[in-house]
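**Student:** Sharing my_file_27.cif, mmCIF, C-alpha atoms:
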```
data_coords
loop_
_atom_site.label_atom_id
_atom_site.label_comp_id
_atom_site.auth_asym_id
_atom_site.auth_seq_id
_atom_site.Cartn_x
_atom_site.Cartn_y
_atom_site.Cartn_z
CA MET J 1 13.45 -47.69 51.23
CA LEU J 2 14.88 -50.84 52.78
CA LYS J 3 13.81 -52.69 49.64
CA TYR J 4 15.92 -50.29 47.58
CA ILE J 5 19.00 -50.57 49.74
CA LEU J 6 18.76 -54.36 49.89
CA SER J 7 18.33 -54.85 46.15
CA LEU J 8 21.12 -52.41 45.33
CA SER J 9 23.48 -54.10 47.80
CA LEU J 10 22.73 -57.48 46.26
CA LEU J 11 23.38 -56.07 42.81
CA VAL J 12 26.75 -54.63 43.84
CA CYS J 13 27.76 -57.97 45.35
CA SER J 14 26.75 -59.92 42.27
CA LEU J 15 28.53 -57.52 39.93
CA SER J 16 31.69 -57.60 42.01
CA SER J 17 31.77 -61.39 41.82
CA PHE J 18 31.28 -61.23 38.06
CA ALA J 19 34.11 -58.77 37.79
CA GLN J 20 36.56 -61.08 39.42
CA GLN J 21 36.17 -63.76 36.77
CA GLY J 22 38.41 -63.92 33.66
CA LYS J 23 41.66 -65.18 32.19
CA GLU J 24 45.07 -64.41 33.62
CA MET J 25 46.55 -61.26 32.06
CA THR J 26 50.12 -60.13 31.63
CA LYS J 27 51.42 -57.23 33.72
CA GLU J 28 51.34 -54.92 30.69
CA GLU J 29 47.73 -55.87 29.88
CA LYS J 30 46.68 -55.31 33.49
CA LYS J 31 48.26 -51.84 33.48
CA LEU J 32 46.44 -50.97 30.27
CA ALA J 33 43.11 -52.33 31.55
CA ASN J 34 43.43 -50.37 34.81
CA LYS J 35 44.16 -47.08 33.07
CA GLY J 36 40.47 -46.53 32.40
CA ASN J 37 39.25 -44.19 29.72
CA PRO J 38 40.07 -40.58 30.72
CA GLY J 39 38.14 -37.92 28.86
CA LEU J 40 35.07 -35.72 28.75
CA SER J 41 31.56 -37.04 28.19
CA ILE J 42 28.55 -34.96 27.31
CA GLY J 43 25.04 -36.30 27.21
CA ILE J 44 21.34 -35.98 27.83
CA ASP J 45 19.06 -37.47 30.42
CA LEU J 46 15.93 -39.22 29.16
CA ALA J 47 14.36 -39.49 32.63
CA PRO J 48 12.49 -36.14 32.47
CA PHE J 49 10.65 -37.41 29.37
CA ILE J 50 9.77 -40.66 31.16
CA ASN J 51 8.68 -38.65 34.24
CA HIS J 52 6.39 -36.60 32.02
CA ILE J 53 4.45 -39.78 31.17
CA PHE J 54 3.70 -40.39 34.88
CA SER J 55 3.31 -36.71 35.91
CA ASP J 56 2.08 -34.80 32.88
CA GLU J 57 2.05 -31.50 34.81
CA ARG J 58 5.86 -31.57 34.89
CA PHE J 59 8.08 -31.17 31.85
CA GLY J 60 11.84 -30.85 31.87
CA VAL J 61 15.08 -31.29 29.99
CA GLU J 62 18.46 -32.21 31.38
CA ALA J 63 22.01 -32.35 30.02
CA ASN J 64 25.10 -33.66 31.71
CA ALA J 65 28.88 -33.52 31.48
CA ARG J 66 31.30 -35.99 33.02
CA TYR J 67 35.04 -35.74 33.31
CA THR J 68 36.70 -39.13 33.79
CA ILE J 69 39.94 -38.53 35.65
CA ASN J 70 41.04 -42.15 35.87
CA ARG J 71 39.53 -45.61 36.27
CA LYS J 72 38.25 -44.78 39.77
CA TRP J 73 37.17 -41.14 39.80
CA GLN J 74 34.83 -39.02 37.73
CA ILE J 75 33.58 -35.45 38.15
CA ALA J 76 29.96 -34.92 37.08
CA ALA J 77 27.75 -31.91 36.43
CA GLU J 78 24.07 -31.92 35.45
CA LEU J 79 22.17 -28.91 34.21
CA GLY J 80 18.46 -28.72 33.54
CA TYR J 81 15.16 -26.87 33.29
CA GLU J 82 11.69 -27.77 34.54
CA ASN J 83 8.27 -26.29 33.94
CA VAL J 84 5.23 -27.19 36.05
CA ASP J 85 1.60 -26.43 35.22
CA LEU J 86 -0.68 -27.94 37.82
CA ASP J 87 -4.43 -27.42 37.65
CA ASN J 88 -6.84 -29.35 39.84
CA ASP J 89 -9.88 -28.57 42.03
CA LYS J 90 -7.61 -27.53 44.93
CA MET J 91 -5.16 -25.23 43.18
CA THR J 92 -3.63 -23.83 40.04
CA TYR J 93 0.13 -23.62 40.17
CA THR J 94 2.86 -22.66 37.71
CA SER J 95 6.63 -22.79 38.02
CA ASP J 96 9.62 -22.26 35.75
CA GLY J 97 13.08 -23.01 37.01
CA SER J 98 16.59 -24.21 36.35
CA PHE J 99 19.01 -26.30 38.35
CA ILE J 100 22.58 -27.52 38.49
CA ARG J 101 23.95 -30.55 40.29
CA THR J 102 27.66 -31.15 40.67
CA GLY J 103 29.61 -33.86 42.38
CA ILE J 104 31.86 -36.86 42.07
CA ASP J 105 31.44 -40.53 41.23
CA TYR J 106 33.60 -43.42 42.33
CA ASN J 107 33.81 -46.43 40.04
CA LEU J 108 33.50 -49.70 41.94
CA PHE J 109 33.85 -51.90 38.89
CA ARG J 110 37.22 -53.61 38.60
CA VAL J 111 37.60 -55.62 35.43
CA GLU J 112 40.82 -56.87 33.96
CA GLU J 113 39.68 -56.78 30.35
CA ILE J 114 41.17 -54.34 27.84
CA GLY J 115 38.50 -52.13 26.26
CA ASN J 116 35.89 -52.75 28.94
CA ASN J 117 35.00 -49.27 30.20
CA ASP J 118 31.83 -50.15 32.06
CA ASN J 119 31.25 -48.44 35.40
CA ILE J 120 29.44 -49.21 38.61
CA LEU J 121 29.21 -45.83 40.25
CA LEU J 122 28.70 -44.59 43.77
CA GLY J 123 28.60 -40.83 44.05
CA PHE J 124 27.46 -37.65 45.66
CA ARG J 125 25.85 -34.51 44.21
CA TYR J 126 25.00 -31.09 45.57
CA GLY J 127 22.07 -29.46 43.82
CA VAL J 128 20.93 -25.86 43.55
CA ALA J 129 17.72 -24.68 41.87
CA VAL J 130 16.12 -21.31 41.26
CA GLN J 131 12.49 -21.10 40.20
CA GLU J 132 9.79 -18.50 39.62
CA GLN J 133 6.40 -19.71 40.83
CA SER J 134 2.87 -18.49 41.37
CA CYS J 135 -0.48 -19.79 42.52
CA PRO J 136 -3.27 -17.92 40.69
CA ARG J 137 -5.96 -19.91 42.51
CA TYR J 138 -6.23 -22.05 45.60
CA VAL J 139 -9.32 -23.36 47.35
CA VAL J 140 -9.47 -24.35 51.01
CA LYS J 141 -12.44 -26.64 51.53
CA GLU J 142 -14.81 -25.84 54.40
CA ASP J 143 -18.14 -27.64 54.15
CA TYR J 144 -20.06 -25.70 56.82
CA TRP J 145 -18.94 -22.07 56.43
CA GLY J 146 -18.07 -22.25 52.75
CA ASP J 147 -14.85 -22.72 50.78
CA VAL J 148 -12.21 -20.01 50.74
CA THR J 149 -10.76 -19.12 47.34
CA ASN J 150 -7.71 -16.92 47.07
CA SER J 151 -4.42 -16.52 45.20
CA LEU J 152 -0.73 -16.11 45.90
CA GLY J 153 1.41 -13.90 43.71
CA SER J 154 4.64 -14.67 41.95
CA SER J 155 7.71 -15.45 44.03
CA THR J 156 11.29 -16.62 43.50
CA VAL J 157 12.51 -19.66 45.38
CA GLY J 158 16.08 -20.87 45.83
CA SER J 159 16.55 -24.49 46.91
CA HIS J 160 19.53 -26.59 47.93
CA TRP J 161 19.73 -30.33 48.34
CA ALA J 162 22.19 -33.21 48.55
CA GLU J 163 21.93 -36.53 46.82
CA PHE J 164 23.60 -39.92 46.90
CA VAL J 165 24.00 -41.74 43.63
CA PHE J 166 24.22 -45.37 42.62
CA GLY J 167 24.40 -46.14 38.94
CA LEU J 168 25.59 -48.30 36.09
CA ARG J 169 27.23 -46.96 32.94
CA SER J 170 28.16 -49.02 29.95
CA GLU J 171 29.89 -48.33 26.62
CA ILE J 172 27.33 -49.65 24.13
CA ILE J 173 29.32 -48.72 21.02
CA LYS J 174 32.71 -47.08 20.78
CA ASN J 175 32.62 -43.80 22.77
CA PHE J 176 28.83 -43.96 23.24
CA TYR J 177 27.67 -44.69 26.76
CA MET J 178 24.31 -45.58 28.15
CA GLY J 179 23.72 -45.41 31.87
CA TRP J 180 21.18 -45.14 34.60
CA SER J 181 21.33 -44.13 38.21
CA VAL J 182 19.07 -44.02 41.21
CA ARG J 183 19.29 -41.03 43.52
CA PHE J 184 18.45 -40.59 47.16
CA ARG J 185 17.82 -36.87 47.64
CA THR J 186 17.44 -34.86 50.80
CA ILE J 187 16.54 -31.20 51.11
CA VAL J 188 19.09 -28.88 52.70
CA ASN J 189 17.21 -25.60 52.41
CA VAL J 190 14.22 -24.06 50.62
CA GLY J 191 14.03 -20.27 50.71
CA THR J 192 10.51 -19.06 50.04
CA GLU J 193 9.37 -15.43 49.95
CA ASN J 194 5.75 -16.11 50.95
CA GLU J 195 3.47 -18.95 52.11
CA LEU J 196 3.72 -20.64 48.74
CA GLU J 197 5.92 -23.71 48.98
CA PRO J 198 7.10 -25.13 45.67
CA TYR J 199 5.01 -28.05 44.43
CA SER J 200 8.07 -29.38 42.63
CA ILE J 201 11.69 -28.24 42.78
CA PRO J 202 13.55 -28.47 39.45
CA GLY J 203 16.12 -31.26 39.65
CA TYR J 204 14.84 -32.45 43.03
CA GLY J 205 11.20 -33.44 42.50
CA ARG J 206 8.18 -33.17 44.75
CA ARG J 207 8.66 -30.67 47.55
CA ASP J 208 6.06 -32.20 49.92
CA ARG J 209 8.68 -34.81 50.78
CA THR J 210 11.89 -33.92 52.60
CA THR J 211 13.54 -36.93 50.99
CA ASN J 212 13.00 -38.10 47.45
CA MET J 213 14.05 -40.94 45.21
CA GLY J 214 14.99 -40.03 41.67
CA PHE J 215 16.50 -41.69 38.66
CA THR J 216 18.40 -40.74 35.53
CA TYR J 217 18.70 -42.56 32.24
CA THR J 218 21.53 -41.06 30.25
CA LEU J 219 23.01 -41.27 26.78
CA GLU J 220 26.52 -39.83 26.53
CA TYR J 221 29.20 -39.25 23.95
CA HIS J 222 32.74 -39.63 25.27
CA ILE J 223 35.69 -37.61 23.96
CA PRO J 224 38.79 -39.55 25.02
CA PHE J 225 41.88 -37.58 26.03
CA SER J 226 44.30 -40.26 24.94
CA LYS J 227 44.30 -42.50 21.90
CA ARG J 228 43.25 -46.05 22.72
CA LYS J 229 45.67 -48.85 21.99
CA MET X 1 30.59 -58.76 31.97
CA LYS X 2 28.46 -56.12 30.38
CA THR X 3 26.53 -54.03 32.87
CA LYS X 4 23.94 -53.02 30.28
CA TRP X 5 22.39 -56.51 30.29
CA ILE X 6 22.06 -56.55 34.06
CA GLY X 7 20.86 -52.97 34.27
CA LEU X 8 17.80 -53.04 32.08
CA PRO X 9 15.47 -55.30 34.12
CA LEU X 10 16.36 -53.40 37.28
CA LEU X 11 15.65 -50.08 35.61
CA VAL X 12 12.23 -51.24 34.47
CA SER X 13 11.34 -52.42 37.97
CA LEU X 14 12.59 -49.13 39.45
CA LEU X 15 10.44 -47.15 37.04
CA VAL X 16 7.36 -49.12 38.04
CA TYR X 17 8.24 -48.77 41.74
CA MET X 18 8.76 -45.01 41.49
CA ALA X 19 5.56 -44.53 39.52
CA ALA X 20 3.72 -46.36 42.30
CA CYS X 21 5.41 -44.19 44.95
CA ASP X 22 4.25 -41.05 43.16
CA GLU X 23 0.58 -41.76 43.84
CA SER X 24 -1.09 -39.03 45.83
CA ASP X 25 -1.49 -39.26 49.56
CA LEU X 26 -4.93 -39.27 51.17
CA CYS X 27 -6.29 -35.74 51.71
CA LEU X 28 -7.86 -35.04 55.08
CA SER X 29 -11.02 -32.97 55.50
CA GLY X 30 -12.35 -30.89 58.39
CA GLN X 31 -8.84 -30.08 59.55
CA ASN X 32 -9.71 -26.55 60.66
CA ALA X 33 -12.29 -27.65 63.26
CA ILE X 34 -11.75 -26.79 66.92
CA GLN X 35 -12.01 -29.87 69.09
CA ALA X 36 -13.94 -29.24 72.31
CA GLY X 37 -14.57 -31.49 75.31
CA LEU X 38 -17.37 -31.07 77.84
CA TYR X 39 -16.52 -31.15 81.54
CA SER X 40 -18.46 -30.81 84.72
CA ALA X 41 -17.86 -27.73 86.82
CA ALA X 42 -19.53 -29.36 89.81
CA SER X 43 -16.39 -30.27 91.71
CA GLY X 44 -12.83 -29.00 91.85
CA GLU X 45 -11.68 -32.13 90.00
CA GLU X 46 -11.98 -32.31 86.26
CA SER X 47 -14.41 -34.95 84.98
CA ASP X 48 -16.02 -35.57 81.62
CA THR X 49 -19.69 -34.87 81.28
CA THR X 50 -22.38 -35.57 78.73
CA LEU X 51 -25.17 -33.21 77.78
CA THR X 52 -28.47 -34.51 76.48
CA GLY X 53 -30.63 -32.81 73.89
CA VAL X 54 -27.83 -30.67 72.50
CA TYR X 55 -28.18 -28.41 69.48
CA LEU X 56 -25.24 -26.59 67.89
CA TRP X 57 -25.25 -24.06 65.07
CA GLY X 58 -23.20 -21.18 63.73
CA LEU X 59 -24.05 -17.51 63.41
CA GLU X 60 -23.28 -15.63 60.21
CA ALA X 61 -20.71 -12.92 60.88
CA GLY X 62 -22.22 -9.41 60.97
CA THR X 63 -25.83 -10.47 60.42
CA GLU X 64 -26.02 -12.96 63.33
CA ILE X 65 -28.34 -15.05 61.17
CA ALA X 66 -28.42 -18.67 62.28
CA LYS X 67 -26.93 -21.18 59.90
CA GLU X 68 -28.04 -24.77 59.55
CA VAL X 69 -27.80 -27.00 62.62
CA LEU X 70 -24.55 -28.89 63.12
CA ILE X 71 -25.75 -31.09 65.98
CA ASP X 72 -29.45 -31.78 66.21
CA SER X 73 -30.77 -33.05 69.56
CA ALA X 74 -27.96 -35.41 70.40
CA ASN X 75 -26.15 -36.60 73.51
CA VAL X 76 -22.63 -35.23 73.36
CA SER X 77 -19.50 -35.24 75.48
CA GLY X 78 -17.34 -33.50 72.91
CA MET X 79 -17.67 -31.78 69.56
CA TYR X 80 -15.83 -30.60 66.49
CA ILE X 81 -16.55 -26.93 65.82
CA PRO X 82 -15.90 -25.88 62.20
CA THR X 83 -14.31 -22.44 61.82
CA ASP X 84 -15.05 -19.65 59.38
CA LEU X 85 -11.85 -19.43 57.33
CA ASP X 86 -12.83 -16.11 55.76
CA ARG X 87 -12.64 -14.43 59.16
CA ASP X 88 -10.66 -14.46 62.39
CA THR X 89 -13.74 -15.20 64.51
CA THR X 90 -16.39 -17.90 64.56
CA SER X 91 -19.65 -17.58 66.50
CA ILE X 92 -21.38 -20.75 67.63
CA VAL X 93 -24.56 -21.30 69.68
CA LEU X 94 -24.75 -24.21 72.12
CA ARG X 95 -28.23 -25.12 73.30
CA GLU X 96 -29.42 -27.80 75.68
CA LYS X 97 -33.09 -28.56 75.52
CA THR X 98 -34.42 -31.14 77.88
CA GLY X 99 -37.85 -31.48 79.49
CA PRO X 100 -37.44 -29.05 82.36
CA SER X 101 -34.95 -26.62 80.87
CA ASP X 102 -33.97 -24.86 77.68
CA LEU X 103 -30.64 -23.08 78.01
CA ARG X 104 -28.40 -21.62 75.34
CA ASP X 105 -25.04 -19.89 75.18
CA THR X 106 -23.09 -18.16 72.45
CA MET X 107 -19.37 -18.81 72.08
CA VAL X 108 -17.09 -16.60 69.97
CA PHE X 109 -13.75 -18.15 69.04
CA VAL X 110 -11.03 -15.64 68.14
CA TYR X 111 -7.96 -16.98 66.29
CA GLU X 112 -5.13 -16.23 63.90
CA ARG X 113 -5.09 -17.98 60.53
CA HIS X 114 -1.90 -19.25 58.91
CA LEU X 115 -1.98 -20.65 55.41
CA ASN X 116 -0.42 -24.10 55.26
CA TYR X 117 0.66 -25.84 52.05
CA VAL X 118 -0.17 -29.55 52.26
CA SER X 119 0.58 -30.98 48.80
CA GLY X 120 -0.24 -30.54 45.14
CA GLU X 121 -3.12 -33.01 45.40
CA CYS X 122 -4.51 -31.77 48.72
CA GLY X 123 -3.81 -28.07 48.18
CA PHE X 124 -3.75 -25.74 51.19
CA SER X 125 -5.27 -25.74 54.64
CA TYR X 126 -5.36 -23.13 57.39
CA ASN X 127 -3.57 -23.74 60.65
CA LEU X 128 -5.24 -21.79 63.45
CA LYS X 129 -3.91 -20.40 66.70
CA LEU X 130 -6.69 -19.84 69.21
CA ASP X 131 -6.36 -16.52 70.97
CA THR X 132 -9.53 -16.03 73.03
CA VAL X 133 -12.95 -17.54 73.57
CA LEU X 134 -15.78 -15.18 74.55
CA TYR X 135 -18.98 -16.74 75.88
CA THR X 136 -22.22 -16.19 77.74
CA ILE X 137 -22.85 -18.06 80.99
CA ASN X 138 -26.30 -19.64 81.06
CA LEU X 139 -25.33 -23.24 80.47
CA ILE X 140 -21.56 -22.75 80.37
CA ASP X 141 -19.57 -22.12 83.54
CA SER X 142 -16.26 -21.36 81.84
CA ILE X 143 -14.14 -22.20 78.78
CA VAL X 144 -10.40 -22.87 78.90
CA ILE X 145 -8.07 -23.08 75.91
CA SER X 146 -6.06 -26.21 76.65
CA TYR X 147 -4.16 -26.42 73.33
CA PRO X 148 -4.32 -23.33 71.10
CA ASP X 149 -3.03 -24.85 67.84
CA VAL X 150 -5.46 -26.30 65.34
CA LEU X 151 -3.19 -28.07 62.88
CA TYR X 152 -3.59 -30.25 59.81
CA ASN X 153 -3.41 -33.96 60.61
CA GLU X 154 -3.51 -33.41 64.36
CA THR X 155 -6.47 -34.31 66.59
CA LEU X 156 -5.90 -32.88 70.04
CA GLU X 157 -8.51 -31.30 72.26
CA ASN X 158 -8.26 -27.53 71.94
CA VAL X 159 -10.80 -26.24 74.45
CA LYS X 160 -12.46 -27.49 77.62
CA ILE X 161 -16.03 -26.34 78.11
CA TYR X 162 -17.08 -26.49 81.76
CA ILE X 163 -20.82 -26.89 82.25
CA GLU X 164 -22.78 -25.42 85.14
CA PRO X 165 -23.88 -28.07 87.62
#
```
Take the structure in the file and give it back as structure tokens.
**Tutor:**
Amino acid sequence: MLKYILSLSLLVCSLSSFAQQGKEMTKEEKKLANKGNPGLSIGIDLAPFINHIFSDERFGVEANARYTINRKWQIAAELGYENVDLDNDKMTYTSDGSFIRTGIDYNLFRVEEIGNNDNILLGFRYGVAVQEQSCPRYVVKEDYWGDVTNSLGSSTVGSHWAEFVFGLRSEIIKNFYMGWSVRFRTIVNVGTENELEPYSIPGYGRRDRTTNMGFTYTLEYHIPFSKRK
Amino acid sequence: MKTKWIGLPLLVSLLVYMAACDESDLCLSGQNAIQAGLYSAASGEESDTTLTGVYLWGLEAGTEIAKEVLIDSANVSGMYIPTDLDRDTTSIVLREKTGPSDLRDTMVFVYERHLNYVSGECGFSYNLKLDTVLYTINLIDSIVISYPDVLYNETLENVKIYIEP
């Protein structure tokens, strides 16, 4: 964890120093550069597909929307679905669920360059997920008396969590943005109906950890609200 | 400055780091065993004791048929007693066979079982709450439940078995 915080802090410092370089601009140019690029962005997150490579029992899709208010502030919402099919010698587990995360991002990147709409973002999200899960088979190992095999029926689980966001977002071609973010997530509440805890919470990740790291890798199309000069 | 050029190497390293973090934790076995310590009942003060020539085995519920031996003629001062997770009781026979004597006692552990989710890789375990221990008194003087919870990833002594002087 410390490694994360340290490397991210170093990155922010280095980017800030980069941002301060450049030619002197006129007052009019500075005003234009500081206006930002207000508008609505819609996009998809590629991270669930990458996650699927490492954890093939989990498959999900995620879309996002971002409203850029001004150069500093953005409102973000992320909506997704996740399916889990886990089958090993200890248990069989299935889950289907959806989630929404909403929050705000603050853009740290200050560049006095017209047309540069890159962002260094620090933000916060609040996430809510609802999932239907069941455990058709579980085995508790007991070498002397013999293993116990049983099942747990279907149940609905509602989960809440908070997450802190650090990310970069860059306009790769006009109105198309590519970005990634790392997330530090912490569980607020998990409401289970029986002994079955979720193996994975949609939008949050593995439940056996009360804190989780996550990442997103997004492609977005931006619809500007004002014509660029 | 274009953040995309700086971002890519970091993203790749993060992906590798997170993939490494996702590796499963070590699963523990024998987590539903009751931990028992042997003590001398000779004096008012509690002191550890060791029995020689100890045998320990379980009794099948209902049939009272002896299962295979858990401890076979060993010197012991404490023991892990596996519990029958299909039932709320486990019957165990403790026997001490030395030259001059051959004594045996039956202990019946009564407990509540609570299913405990550990992780996707390790599955479930049962946490137990010891309620009562019933026993005969040939070799054993008394048994006291010192810590009633038998929990996953916790190794605390649950019962104290006091041996007749």
**Student:** From the list J:Gln131, J:Thr149, J:Ser170, J:Asn175, which residue is nearest Phe109 of chain J when using only C-alpha atoms?
**Tutor:**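 When distances to Phe109 of chain J are compared using only C-alpha atoms, the smallest one comes from J:Ser170.
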**Student:** Quick one: apply the PyMOL selection byres ((chain X and resi 64-72) around 10) to the file and drop the selected residues here as an MDAnalysis selection string.
**Tutor:** (chainID J and resid 144:145) or (chainID X and resid 53:63 73:76 79:82 91:95)
**Student:** Expand the PyMOL selection byres ((chain J) within 8 of (chain X)) into the individual residues it matches in the shown file, reporting them as a PyMOL selection string.
**Tutor:** chain J and resi 18-19+54+86+88+90-91+118-119+138-148+168-170+172+178-180+195-197+199+208+213-214
**Student:** Could you name the residues that touch segment 217-227 of chain J at 10 Å or less, counting all atoms listed in the file, but leaving out those on the same chain fewer than 5 positions away, as a count of residues only?
**Tutor:** 39
**Student:** Skipping near chain neighbours, those fewer than 5 positions away, what residues fall within 10 Å of Thr211 of chain J using only C-alpha atoms, listed as a ChimeraX atom specification?
**Tutor:** /J:161-163,184-188,204-206
**Student:** Can you tell me, as a list in words, what residues are no more than 10 Å from Asp105 of chain J when counting only C-alpha atoms, ignoring any on the same chain fewer than 2 positions away?
**Tutor:**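 Within the cut-off, the hits are Arg66, Tyr67, Thr68, Lys72, Trp73, Gln74, Ile75, Ala76, Gly103, Asn107, Leu108, Asn119, Ile120, Leu121, Leu122, Gly123, Phe124, Arg125, Phe164, Val165, Phe166 and Gly167 of chain J.
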**Student:** For the structure shown, which residues end up in the PyMOL selection byres ((chain J and resi 101) around 8)? Put them as number ranges by chain, please?
**Tutor:** J: 77-79, 99-100, 102-103, 125-128, 203
**Student:** One decimal, Å: what's the distance from atom CA of Gly158 of chain J over to atom CA of Asp56 of chain J, could you say?
**Tutor:**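 If I compute the distance from atom CA of Gly158 of chain J to atom CA of Asp56 of chain J, I get 23.6 Å.
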**Student:** Considering only C-alpha atoms, can you say which of J:Thr192, J:Asn34, J:Ser200, J:Thr26 comes closest to Arg110 of chain J?
**Tutor:**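 For Arg110 of chain J, the nearest of the given residues is J:Asn34.
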